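To keep things clear, I will list the structure first and then write my remarks on it.
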Amino acid sequence: MIVLPKWTKASNVLFYRNFNVFYNHFFLSVFEGLIQPLLYLTCFGFIMGSWFDITVVESYSKFVFTGILLCIPMSVAAYEVCYSTSNYLLDKDYKRFTLLLPVKHNDIYVAAFLWSTFKSLLIMGIFLVIGYALRLIDVYAFLPVLLIGLAISTFFSSLILYISTYFDWDKNDYNNVLYILIPLFLFSGTFFPVASLPVVFKQLALYNPIGYGIHLMRDFSLENNLFAYSIMISASLLTSLVFLSLSLRHYQLRQDKIH
């Protein structure tokens, strides 16, 4: 049986609860979201970048900035959706809170999905402003970046939610997402031109969601390639709906086995 996700009053309350926590710990939350891609740059970028010819790009700092910028919605959305669902399902204070408000697994998953998407776009927007201040990106690029960021964040939020539900990662095992994110991050064209990669890795870089988003942002403008942007966003939103439905279905099956 297909279980369609629904936005409810309980989902709204849970979303607001996450926002309130974020607001009260604003600087820490933003720092966590921004530091992760910079750590990746330190650990992998300078090492792997030295293996490839980077002289083919006009400005390597702008080249890397675009890649890291679009990796933010992937990493933030993936970790936040895992953390939110784990917190909802395991936190004792939250369980007492749910006694006052009827909450179903649909409410938890939908709120976690939407919150992780919202937070990833918010942090990416802050990184955009920083890049503009450092003259690494022009203001006219803000809209296409945010559109691609929306596609990436919704896709990875729903994908990781489904995988964590399927493998029971919502029981504080969400660091396992590294096994998924790091290979996609490394072979996405973030640190070096995709043309430098062997054929197999080149295909992986161009056709995984993060790699395609980076490729689209670097090589095609929104106004001249509206169709490509529309296809990516539409496919991402449709896929997200499918993964959300599958997550709800699998969680329901898991609960049926327990009872």
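Naming works like this for the structure tokens: A, B, ... for the chains as they're shown, residue 1 at the start of each chain, ligands 1 onward in shown order.
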
Near Val145 (chain A), within 12 Å and counting only C-alpha atoms, which residues show up once chain neighbours fewer than 5 positions away are dropped, as a ChimeraX atom specification?
-> /A:65-73,121,124-125,127-129,137-140,150-153,213-218,220-222,229,233

Restrict the selected residues to N, CA and C atoms and save them as a compact mmCIF listing (two decimals), in the first residue's frame.
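Saved to again_12.txt:
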# COMPACT_ATOMS: atom_id res chain seq x y z
N PHE A 65 34.90 27.16 -5.22
CA PHE A 65 33.80 27.75 -4.46
C PHE A 65 32.45 27.25 -4.96
N THR A 66 32.28 27.19 -6.28
CA THR A 66 31.02 26.70 -6.84
C THR A 66 30.75 25.27 -6.42
N GLY A 67 31.79 24.43 -6.45
CA GLY A 67 31.62 23.04 -6.05
C GLY A 67 31.23 22.91 -4.59
N ILE A 68 31.97 23.59 -3.72
CA ILE A 68 31.68 23.52 -2.28
C ILE A 68 30.30 24.10 -1.99
N LEU A 69 29.95 25.18 -2.67
CA LEU A 69 28.66 25.82 -2.48
C LEU A 69 27.51 24.84 -2.70
N LEU A 70 27.61 24.01 -3.73
CA LEU A 70 26.54 23.07 -4.04
C LEU A 70 26.67 21.76 -3.27
N CYS A 71 27.80 21.55 -2.61
CA CYS A 71 27.92 20.40 -1.72
C CYS A 71 27.26 20.68 -0.36
N ILE A 72 27.09 21.95 -0.03
CA ILE A 72 26.48 22.31 1.26
C ILE A 72 25.06 21.75 1.38
N PRO A 73 24.16 21.96 0.40
CA PRO A 73 22.80 21.41 0.56
C PRO A 73 22.79 19.90 0.65
N LEU A 121 19.18 25.27 2.52
CA LEU A 121 19.09 26.45 1.65
C LEU A 121 19.48 27.72 2.40
N MET A 124 23.26 27.68 2.76
CA MET A 124 23.84 27.92 1.45
C MET A 124 23.70 29.40 1.07
N GLY A 125 22.57 30.00 1.46
CA GLY A 125 22.38 31.43 1.20
C GLY A 125 23.41 32.28 1.93
N PHE A 127 26.42 31.24 2.76
CA PHE A 127 27.67 31.00 2.05
C PHE A 127 27.71 31.78 0.74
N LEU A 128 26.56 31.95 0.11
CA LEU A 128 26.47 32.76 -1.11
C LEU A 128 26.87 34.21 -0.84
N VAL A 129 26.35 34.75 0.25
CA VAL A 129 26.66 36.14 0.61
C VAL A 129 28.15 36.29 0.90
N ILE A 137 31.54 35.06 -6.57
CA ILE A 137 30.32 34.78 -7.32
C ILE A 137 29.56 36.08 -7.53
N ASP A 138 28.88 36.19 -8.66
CA ASP A 138 28.10 37.39 -8.97
C ASP A 138 26.69 37.25 -8.46
N VAL A 139 26.05 38.38 -8.20
CA VAL A 139 24.72 38.35 -7.61
C VAL A 139 23.69 37.73 -8.56
N TYR A 140 23.89 37.85 -9.86
CA TYR A 140 22.92 37.27 -10.81
C TYR A 140 22.91 35.74 -10.77
N LEU A 150 18.00 23.69 -4.16
CA LEU A 150 16.71 23.11 -3.80
C LEU A 150 16.60 21.69 -4.32
N ALA A 151 17.00 21.48 -5.58
CA ALA A 151 16.94 20.14 -6.17
C ALA A 151 17.85 19.17 -5.42
N ILE A 152 19.07 19.60 -5.12
CA ILE A 152 20.03 18.74 -4.43
C ILE A 152 19.57 18.41 -3.02
N SER A 153 19.11 19.42 -2.29
CA SER A 153 18.73 19.21 -0.89
C SER A 153 17.50 18.31 -0.77
N GLY A 213 24.52 18.94 -10.87
CA GLY A 213 24.21 20.29 -10.44
C GLY A 213 25.39 21.23 -10.58
N ILE A 214 26.58 20.76 -10.20
CA ILE A 214 27.80 21.57 -10.33
C ILE A 214 28.10 21.83 -11.80
N HIS A 215 27.97 20.79 -12.62
CA HIS A 215 28.19 20.93 -14.06
C HIS A 215 27.22 21.93 -14.67
N LEU A 216 25.97 21.86 -14.28
CA LEU A 216 24.95 22.77 -14.80
C LEU A 216 25.24 24.20 -14.40
N MET A 217 25.63 24.40 -13.14
CA MET A 217 25.88 25.74 -12.64
C MET A 217 27.10 26.37 -13.31
N ARG A 218 28.12 25.58 -13.53
CA ARG A 218 29.36 26.14 -14.09
C ARG A 218 29.26 26.44 -15.58
N PHE A 220 26.22 26.33 -17.73
CA PHE A 220 24.98 26.74 -18.40
C PHE A 220 24.25 27.79 -17.57
N SER A 221 23.85 28.86 -18.22
CA SER A 221 23.11 29.92 -17.53
C SER A 221 21.63 29.54 -17.43
N LEU A 222 20.97 30.11 -16.44
CA LEU A 222 19.55 29.83 -16.23
C LEU A 222 18.70 30.34 -17.38
N TYR A 229 17.31 23.23 -16.25
CA TYR A 229 17.08 23.52 -14.84
C TYR A 229 15.71 22.98 -14.39
N ILE A 233 15.03 20.12 -11.44
CA ILE A 233 14.23 20.43 -10.26
C ILE A 233 12.99 19.54 -10.20

May I have all residues of region 26-253 of chain A that DSSP, computed from the backbone, assigns to helix (DSSP H, G or I), given as a PyMOL selection string?
-> chain A and resi 26-49+60-90+92-98+105-133+139-166+174-186+194-196+199-207+209-219+226-253

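Considering only C-alpha atoms, the residue among A:Phe15, A:Tyr23, A:Tyr251, A:Phe31 positioned nearest to Asp168 (chain A) is A:Tyr251.
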
Closest to Phe185 (chain A) among A:Ile108, A:Val200, A:Met74, A:Leu237, using only C-alpha atoms?
->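 Answer, going by the shortest atom-to-atom distance: A:Met74.
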
Work out how far CA of Ser116 (chain A) is from CA of Tyr166 (chain A), in Å to one decimal.
->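 Atom-to-atom, CA of Tyr166 (chain A) to CA of Ser116 (chain A), that is 18.9 Å.
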